[in-house]
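Engineer: This structure is in structure tokens; I'll ask about it shortly.
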Amino acid sequence: MAGRRIEMGVIGRPHGVRGLVHLHSYAADPAALPGYGPFETEDGRRFTLRWVRTGVAELTELVDGDRHVVADRNAAERLVNVRLLVDRARLPAAGAEEFYLADLVGLAAFAPDGTPLGRVDTVHDYGAGASLEIGALLVPFTRACVPEVDIAAGRVVVVPPHEIVVAPAEAGQALEARDIRAAATDRHRTVDDTPFGGGAGMVMRPDIVDAALAAARGGSADLRPAVFLTPRGRKLTQAMVREFAAGPGLVVLCGRYEGIDQRVVEARGLQEISIGDYVLSGGEPAAIVLLDACVRLLPGVMGAAESAEEESFSAGLLEYPHYTRPAEWQGRRVPDVLLSGHHGAVAAWRRAEAERITRERRPDLWAAFQRGVRETGLHGTAVASPAGAS
Ligand code: ADE
């Protein structure tokens, strides 16, 4: 097994402004994790770590014999979701009935009657448990579902529970909906539990949510950011939509019940996003809103590029009103300037209307727009982003 690397932990979101990070340990005893270092990353960097308190670590990068402490939030931000690996050969041998999860990857899987089921492609480690991905199957790594593991013979026996078969994604598929209950490991497919500290409602368990996220991800090369839709999140803006639409795609987690255990939100660096200051009964309608806002910006979706560009928010202003034939309807006439054929006058009228409507309806956007004008000295389009955009 020499040369094979084992994932010992994964870096989560930054903690504070001094470069500390939340860190999820896969070591049986997380306190012992620093002793396994230095850790390698998939892109060839090397780090040591020191716990400053439970779940929060200081990282030090080793570069040509020099040590550089990760000392600011920006540097920590760039490390979110980085996996900390150690060479398999450096780890002590596993005990009887113990396995390094990485050793399971590649084993041939068979049903109890000897039917070949494929190979273990990936092992998802959720801390509280693990599951094996075998082609389209996602199987909890429990004695009931994986009664036999023979590393030396390169095989496992698998009894897949029927209800967690996941259909393989079709090539080019744009949207894949997944049921979080598929990640549950008990007979009742439980995904939630009562909140610590008391209170109404139920909270989604971190291990189950983590399992569902891992199953949705296409492995470690999947760079899609994960978003958690919640009324507690940062408010969605057109600037955020533009960024998502330009990226590699999204994994979107829709909350139900009271919410999701905060530890998985932190450990997996989930971006908490709200679509507005009201409470929905679940994140699914919000996901559709987010999806629609992103998809319309994808190349080839809108008729003309400028129709996406010019609309409300892109320039930091709400859009001017629109009119079409008939020129007079129920005694109401279209503004004369729009019938004048004078392009300059039409543009000036539209601009003035956009400013008036923004000033009247959205003082927050108007203030941000004016700040942008002051800072850049520009008055054209795309001067400022809407308030809250970042
Ligand atoms: N889930 C419930 N309410 C929500 C909101 N306003 N935005 C996003 N997700 C939600």
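Residue names in the structure tokens use chain letters A, B, ... in the order shown, residue numbers from 1 in each chain, and ligand numbers from 1 in the order shown.
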Output as a list in words all residues of segment 37-245 of chain A that backbone DSSP marks as alpha helix (DSSP H).
Structural biologist: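 Those in segment 37-245 of chain A that DSSP calls alpha helix (DSSP H) are Arg73, Asn74, Ala75, Ala76, Glu77, Leu101, Ala102, Asp103, Leu104, Pro206, Asp207, Ile208, Val209, Asp210, Ala211, Ala212, Leu213, Ala214, Ala215, Ala216, Gln238, Ala239, Met240, Val241, Arg242, Glu243, Phe244 and Ala245 of chain A.
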Engineer: Select from segment 76-125 of chain A every residue with an atom at most 6 Å from any atom of segment 134-150 of chain A, then for each give the shortest pair of atoms and their distance in Å to one decimal, using only C-alpha atoms, rows by chain and rising number, as a tab-separated table.
Structural biologist:
residue	atom	partner	partner_atom	distance
A:Arg119	CA	A:Ile134	CA	5.5
A:Val120	CA	A:Ile134	CA	4.6
A:Asp121	CA	A:Ile134	CA	5.5
Engineer: Output the selection as an mmCIF file, in the first residue's frame - N, CA and C atoms for each residue.
Structural biologist:
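Contents of the output file result-v2.cif:
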data_model
loop_
_atom_site.group_PDB
_atom_site.id
_atom_site.type_symbol
_atom_site.label_atom_id
_atom_site.label_comp_id
_atom_site.auth_asym_id
_atom_site.auth_seq_id
_atom_site.Cartn_x
_atom_site.Cartn_y
_atom_site.Cartn_z
ATOM 1 N N ARG A 119 -16.632 -2.224 -8.352
ATOM 2 C CA ARG A 119 -15.517 -1.918 -7.443
ATOM 3 C C ARG A 119 -15.876 -0.772 -6.533
ATOM 4 N N VAL A 120 -15.219 -0.684 -5.405
ATOM 5 C CA VAL A 120 -15.431 0.455 -4.508
ATOM 6 C C VAL A 120 -14.717 1.653 -5.139
ATOM 7 N N ASP A 121 -15.502 2.608 -5.624
ATOM 8 C CA ASP A 121 -14.909 3.783 -6.288
ATOM 9 C C ASP A 121 -14.395 4.783 -5.270
#
Engineer: Let me see if you get this right: every residue at most 12 Å from ligand 1, counting only C-alpha atoms and all ligand atoms, written as JSON, numbers by chain.
Structural biologist: {"A": [227, 228, 229, 230, 231, 232, 233, 234, 235, 236, 252, 253, 254, 255, 256, 257, 258, 259, 260, 271, 272, 273, 274, 275, 276, 277, 278, 279, 280, 281, 282, 283, 284, 285, 286, 287, 288, 289, 290]}
Engineer: State, in Å with one decimal place, the distance from atom CA of Leu79 of chain A to atom CA of Pro225 of chain A.
Structural biologist: 13.0 Å
Engineer: With distances taken over only C-alpha atoms, which of A:Ala71, A:Ala152, A:Gly65, A:Phe99 is nearest to Gly19 of chain A?
Structural biologist: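 Going through A:Ala71, A:Ala152, A:Gly65, A:Phe99 one by one, the smallest distance to Gly19 of chain A is for A:Ala71.
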Engineer: If I take atom CA of Pro92 of chain A and atom CA of Tyr36 of chain A, how far is one from the other in Å, to one decimal?
Structural biologist: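 One can read the atom CA of Pro92 of chain A to atom CA of Tyr36 of chain A distance as 10.3 Å.
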Engineer: What lies within 12 Å of Arg359 of chain A using only C-alpha atoms, ignoring chain neighbours under 4 positions off, as a PyMOL selection string?
Structural biologist: chain A and resi 316-319+352-355+363-370
Engineer: Quick one: everything within 10 Å of segment 190-206 of chain A, counting only C-alpha atoms, minus sequence neighbours fewer than 6 positions away in the same chain. Send it as a PyMOL selection string.
Structural biologist: chain A and resi 126-128+180-184+212+255-265+267
Engineer: Considering only C-alpha atoms, state which residue in the set A:Gly44, A:Gly55, A:Gly331, A:Gly247 is at the smallest distance from Tyr26 of chain A.
Structural biologist: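 Among the listed residues, A:Gly55 lies closest to Tyr26 of chain A.
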